[in-house]
Amino acid sequence: MRHALRRILWIVPTLFVISLGVFWLLSVTLGSRPPNAAEDDDHEGFGAHHVPRFLNTRPTSVRERARAAMLSIANDDPSATAARRELARLGGAALPHVLPELDSLEPRGRSRVALALGPVGKRMNVGSIEERGSPEAAVLFWTRFWADRSIDFRPAVVKRAVGRLGEKSTAGRRDAVGQLDTFALAELLAAMRPIDGPDDVKRARRLAAAAARITDLPWRVPKDATVAEARSVEQTWQRWWLVHRTDYVTHDGAERVVSMLSDTEYGRWATDAAVNQLGVTSRGEPVLDVLIGRSPVTLWLLACGFVGGWLAGILVGLAGAAQARRGPDLVTSAAAVVVAASPVALAGFWLGPGGSAGAARAIAAAVMVLTAGAIVSRYQRSATRVALDQEYTRTARAFGAGPWRLARWSFRASSVAALSLLGAHLPPLLTSAFVLEHALGLNGVGRTTLDAVAAHDVAWLMALALVLAASLALLQIVSDAALGALDPRVRLGFSRHRGALE
Amino acid sequence: MTPRSHWAARAAALVLALVALIGIFADVLASEAPLIARRDGTWLVLPAVTAPATWARTDPSELGAVVWAPLRASASSDAPAASPARSLAATVHGARTVLVTTLGVLVIALFLGVPLGALAGRLSLADALLSRAVELSGALPALVLLAALGAGRLGPSWLALVLVLGVLRAVEVARLVRGEVLRVSGTEFVLAARALGGSPLGVTLRHVLPHAWGPVTVNAAFTVSAVVALEAALSFVGLGLPRDVPSWGRELALSAHGGGLAAGVGPAIAVIVTTACAYLVADALDDRLSARRKGPSRV
């Protein structure tokens with residue numbers, strides 16, 4: 001018992017190691033970006049978001065980004081056009097890092113930067129076109145703006161402005177948040193959750209509208225939205241924030257160390273998985289929902305394979321061993337070899353898609369029972385034959401026990417082989433189930449997985465790998481416990497092993 | 001237990017050898033091009049293989065004396081007519097695919113798996129590494145991994161298939177070898193060898209590994225059966241090999257998707273016979289092993 005508990009606890013670090021390994025494998029094979037990411041690039045400057053896979057030794061925040069963009073504009077680098085776009089995107093969050101530095105630039109660079117801030121001012125609705133448009137006026141305007149308003153760019157002010165907007169949306173309150181621009185994003189998104197009732201939906205609607213206006217992204221909560229709709233919009237925002245957070249927030253000290261780990265591809269996946277229950281598929285549905293929706297078919301197939309296949313296999317194996325090398329045994333042996341040898345693809349080929357869903361399910365189940373049963377029967381048969389050759393069975397035979405009774409008596413010894421197969425046979429049975437789903441047109445996890453691979457959906461594949469690894473580990477523990485119950489020597493082996501470890 | 005008389009396994013081994021021979025001589029058995037042809041006073045021997053560029057430009061009507069292959073059909077799956085002859089030719093050439101794939105997987109599995117397993121039996125660090133590898137290989141089934149490879153930057157490739165299957169089997173081989181090394185290391189003759197001053201490496205190589213071969217040979221035979229079946233399954237789903245490589249699984253898929261049942265009989269029989277024969281051989285090897293051990297083997 002203690003042993004089983006220890007192993008269950010060990011699953012957690014194991015899963016972590018597996019998630020690292022699988023993530024590495026997937027990002028190497030699939031490439032880190034989905035095929036349609038290129039479209040996103042122009043839209044929101046996604047291109048600046050190449051992050052390392054596991055360890056970001058130089059995490060950037062809005063401070064570094066804003067300074068780099070400012071210097072590039074001031075020196076009129078070849079990349080100045082991109083830098084202007086970058087600065088406009090960073091918006092209000094960049095102002096505390098750019099405006100105080102304006103004085104330290106030489107005059108021409110200063111006016112270039114001030115002009116580049118024009119789109120930001122327009123979005124914030126401050127200053128007139130003339131004030132933002134000509135070089136001298138722009139420098140003067142922004143210098144004055146910072147002298148007047150720098151006091152507003154503080155967390156407490158942001159919190160108050162966002163809180164007031166959440167309560168009620170008036171033009172004044174909208175302007176107050178709008179003039180903070182992207183500096184208010186963190187607070188806006190944080191204030192959106194939790195969404196539990198109709199009041200929360202209204203609040204989320206106002207805040208999402210403000211965030212959408214600032215970032216020029218389309219995710220608004222529609223009028224008369226339900227709680228679920230509002231939540232899905234809110235989750236979209238949170239996922240976007242996960243990737244873009246570092247553009248709008250500075251981090252110091254410990255936060256910088258954390259961002260070395262979290263501001264990586266793996267870190268983003270892990271946060272997404274932890275916050276949004278295993279993450280979201282590339283089609284925008286939560287992974288957990290899809291997994292629960294699709295798993296009945298696959299679980300049914302696996303259950304058929306494990307329960308039906310093992311029962312049938314053990315019975316056939318016992319019968320075969322009892323009647324070894326006589327008519328019926330030869331027939332079942334030959335059949336078992338052929339069935340175990342024919343890949344499930346053959347079943348798909350002979351039966352093909354078509355017929356009703358129920359018929360397809362029944363066929364798939366029968367195939368699973370047959371394939372698993374054939375393999376198990378071989379193991380059971382050979383184990384029973386070995387057991388029948390032991391001295392205790394020979395003694396029993398000398399006392400007149402028939403072959404069937406002997407096979408039953410030796411079952412405790414011979415069932416070890418079939419049981420120890422349990423864990424090892426999950427992956428092959430799963431492969432069979434996937435191929436059957438594909439061939440027979442069943443809508444299960446296997447089909448979703450193949451689609452996910454085509455769509456480069458890392459979140460789904462990661463979730464699948466983790467679920468598989470966890471169930472594999474659990475299955476192994478169960479089968480080991482059953483082995484221990486059957487064979488005391490195995491239990492002894494466990495405790496000796498533990499003694500050696502400690 | 002008296003070992004069974006293994007006439008079935010012997011026959012199965014012969015059939016496997018036959019399949020391998022068919023694979024090796026696929027170009028002689030089934031080809032669109034002639035085996036021997038006379039053109040402009042010179043003899044061309046297997047022109048499609050020895051001089052494909054010249055052959056592509058040759059007009060068949062120019063040829064003098066010609067000896068055609070027994071099966072005169074193209075194995076290419078892009079050939080327009082879905083005739084039984086074409087499917088049979090593809091089955092013949094598929095034997096070569098199976099041969100190369102299986103050999104590749106076996107080479108990788110053994111050359112990677114045996115040293116890793118021996119190390120894991122000796123060093124706790126390698127042991128930890130191996131157990132992580134076992135868990136990892138359980139978390140991503142070959143099907144998903146290959147699908148990911150196929151959808152990635154490189155596209156489906158033969159090399160990737162062989163590498164992935166080889167590494168996955170290597171993990172299994174390593175697990176077996178590790179168990180055997182642990183078992184044999186505890187025996188008295190190993191203790192004696194160490195007492196005589198044998199170095200750890202020398203003792204492992206000379207005394208331990210030779211006794212760890214049994215389950216590995218059985219596993220190798222099972223590997224043949226598994227690789228043939230898995231390759232067929234993968235190609236059936238459309239994930240295994242690139243389009244231009246003839247394969248039994250693809251032939252099955254072609255016949256299931258409109259090619260007609262007749263076209264699928266050849267590849268279906270080929271798959272079943274090959275896997276069943278490999279299975280029988282493995283079964284017999286296992287039987288012999290457990291007879292020697294006096295206990296059920298757990299390969």
# chains A, B, ... in the order shown; residues from 1 in each chain; ligands from 1
>>> residues_around(residues="range 234-242 of chain A", least_positions_apart="2", cutoff="8 Å", atoms="only C-alpha atoms", output="list in words")
Leu189, Met192, Arg193, Ala204, Ala208, Trp219, Ala230, Arg231, Ser232, His244, Arg245, Arg268, Thr271, Asp272 and Asn276 of chain A
>>> write_last_selection(atoms="N, CA, C and O atoms", output="PDB file, in the first residue's frame")
ATOM      1  N   LEU A 189      -7.434  43.637 -17.887  1.00  0.00           N
ATOM      2  CA  LEU A 189      -7.648  42.205 -18.052  1.00  0.00           C
ATOM      3  C   LEU A 189      -7.798  41.516 -16.704  1.00  0.00           C
ATOM      4  O   LEU A 189      -8.569  40.569 -16.555  1.00  0.00           O
ATOM      5  N   MET A 192     -11.312  41.910 -15.422  1.00  0.00           N
ATOM      6  CA  MET A 192     -12.380  41.235 -16.173  1.00  0.00           C
ATOM      7  C   MET A 192     -12.895  40.007 -15.432  1.00  0.00           C
ATOM      8  O   MET A 192     -14.049  39.658 -15.512  1.00  0.00           O
ATOM      9  N   ARG A 193     -12.012  39.283 -14.763  1.00  0.00           N
ATOM     10  CA  ARG A 193     -12.447  38.085 -14.062  1.00  0.00           C
ATOM     11  C   ARG A 193     -12.645  38.376 -12.602  1.00  0.00           C
ATOM     12  O   ARG A 193     -12.069  39.334 -12.113  1.00  0.00           O
ATOM     13  N   ALA A 204     -17.500  43.015 -17.661  1.00  0.00           N
ATOM     14  CA  ALA A 204     -16.552  42.482 -18.639  1.00  0.00           C
ATOM     15  C   ALA A 204     -16.772  43.136 -19.997  1.00  0.00           C
ATOM     16  O   ALA A 204     -15.824  43.383 -20.734  1.00  0.00           O
ATOM     17  N   ALA A 208     -13.800  44.882 -21.769  1.00  0.00           N
ATOM     18  CA  ALA A 208     -13.332  44.295 -23.024  1.00  0.00           C
ATOM     19  C   ALA A 208     -13.403  45.334 -24.128  1.00  0.00           C
ATOM     20  O   ALA A 208     -12.519  45.400 -24.990  1.00  0.00           O
ATOM     21  N   TRP A 219     -11.970  41.379 -29.992  1.00  0.00           N
ATOM     22  CA  TRP A 219     -12.684  40.567 -29.016  1.00  0.00           C
ATOM     23  C   TRP A 219     -13.510  41.416 -28.062  1.00  0.00           C
ATOM     24  O   TRP A 219     -13.010  41.871 -27.029  1.00  0.00           O
ATOM     25  N   ALA A 230     -19.359  35.499 -22.371  1.00  0.00           N
ATOM     26  CA  ALA A 230     -18.452  36.482 -21.796  1.00  0.00           C
ATOM     27  C   ALA A 230     -17.172  35.804 -21.343  1.00  0.00           C
ATOM     28  O   ALA A 230     -16.071  36.318 -21.538  1.00  0.00           O
ATOM     29  N   ARG A 231     -17.329  34.607 -20.766  1.00  0.00           N
ATOM     30  CA  ARG A 231     -16.136  33.891 -20.293  1.00  0.00           C
ATOM     31  C   ARG A 231     -15.217  33.541 -21.447  1.00  0.00           C
ATOM     32  O   ARG A 231     -14.001  33.628 -21.326  1.00  0.00           O
ATOM     33  N   SER A 232     -15.811  33.117 -22.574  1.00  0.00           N
ATOM     34  CA  SER A 232     -14.940  32.706 -23.674  1.00  0.00           C
ATOM     35  C   SER A 232     -14.177  33.911 -24.204  1.00  0.00           C
ATOM     36  O   SER A 232     -13.000  33.812 -24.543  1.00  0.00           O
ATOM     37  N   HIS A 244       1.584  38.270 -24.867  1.00  0.00           N
ATOM     38  CA  HIS A 244       2.000  39.652 -25.097  1.00  0.00           C
ATOM     39  C   HIS A 244       2.284  40.430 -23.832  1.00  0.00           C
ATOM     40  O   HIS A 244       2.586  41.612 -23.886  1.00  0.00           O
ATOM     41  N   ARG A 245       2.161  39.747 -22.707  1.00  0.00           N
ATOM     42  CA  ARG A 245       2.291  40.417 -21.431  1.00  0.00           C
ATOM     43  C   ARG A 245       3.569  41.243 -21.358  1.00  0.00           C
ATOM     44  O   ARG A 245       3.561  42.396 -20.925  1.00  0.00           O
ATOM     45  N   ARG A 268       4.917  29.424 -21.694  1.00  0.00           N
ATOM     46  CA  ARG A 268       3.590  29.893 -22.114  1.00  0.00           C
ATOM     47  C   ARG A 268       2.602  28.741 -22.199  1.00  0.00           C
ATOM     48  O   ARG A 268       1.461  28.863 -21.785  1.00  0.00           O
ATOM     49  N   THR A 271       1.709  27.712 -18.594  1.00  0.00           N
ATOM     50  CA  THR A 271       0.782  28.633 -17.926  1.00  0.00           C
ATOM     51  C   THR A 271      -0.612  28.471 -18.503  1.00  0.00           C
ATOM     52  O   THR A 271      -1.604  28.418 -17.765  1.00  0.00           O
ATOM     53  N   ASP A 272      -0.677  28.389 -19.819  1.00  0.00           N
ATOM     54  CA  ASP A 272      -1.969  28.228 -20.472  1.00  0.00           C
ATOM     55  C   ASP A 272      -2.649  26.955 -19.982  1.00  0.00           C
ATOM     56  O   ASP A 272      -3.837  26.946 -19.655  1.00  0.00           O
ATOM     57  N   ASN A 276      -6.008  27.453 -18.013  1.00  0.00           N
ATOM     58  CA  ASN A 276      -7.208  27.149 -18.796  1.00  0.00           C
ATOM     59  C   ASN A 276      -7.510  25.663 -18.897  1.00  0.00           C
ATOM     60  O   ASN A 276      -8.003  25.195 -19.922  1.00  0.00           O
TER      61      ASN A 276
END
>>> select_by_dssp(residues="range 265-315 of chain A", states="helix (DSSP H, G or I)", output="MDAnalysis selection string")
chainID A and resid 265:275 287:315
>>> atom_distance(atom1="CA of Gly313 in chain A", atom2="CA of Gly266 in chain B")
29.3 Å
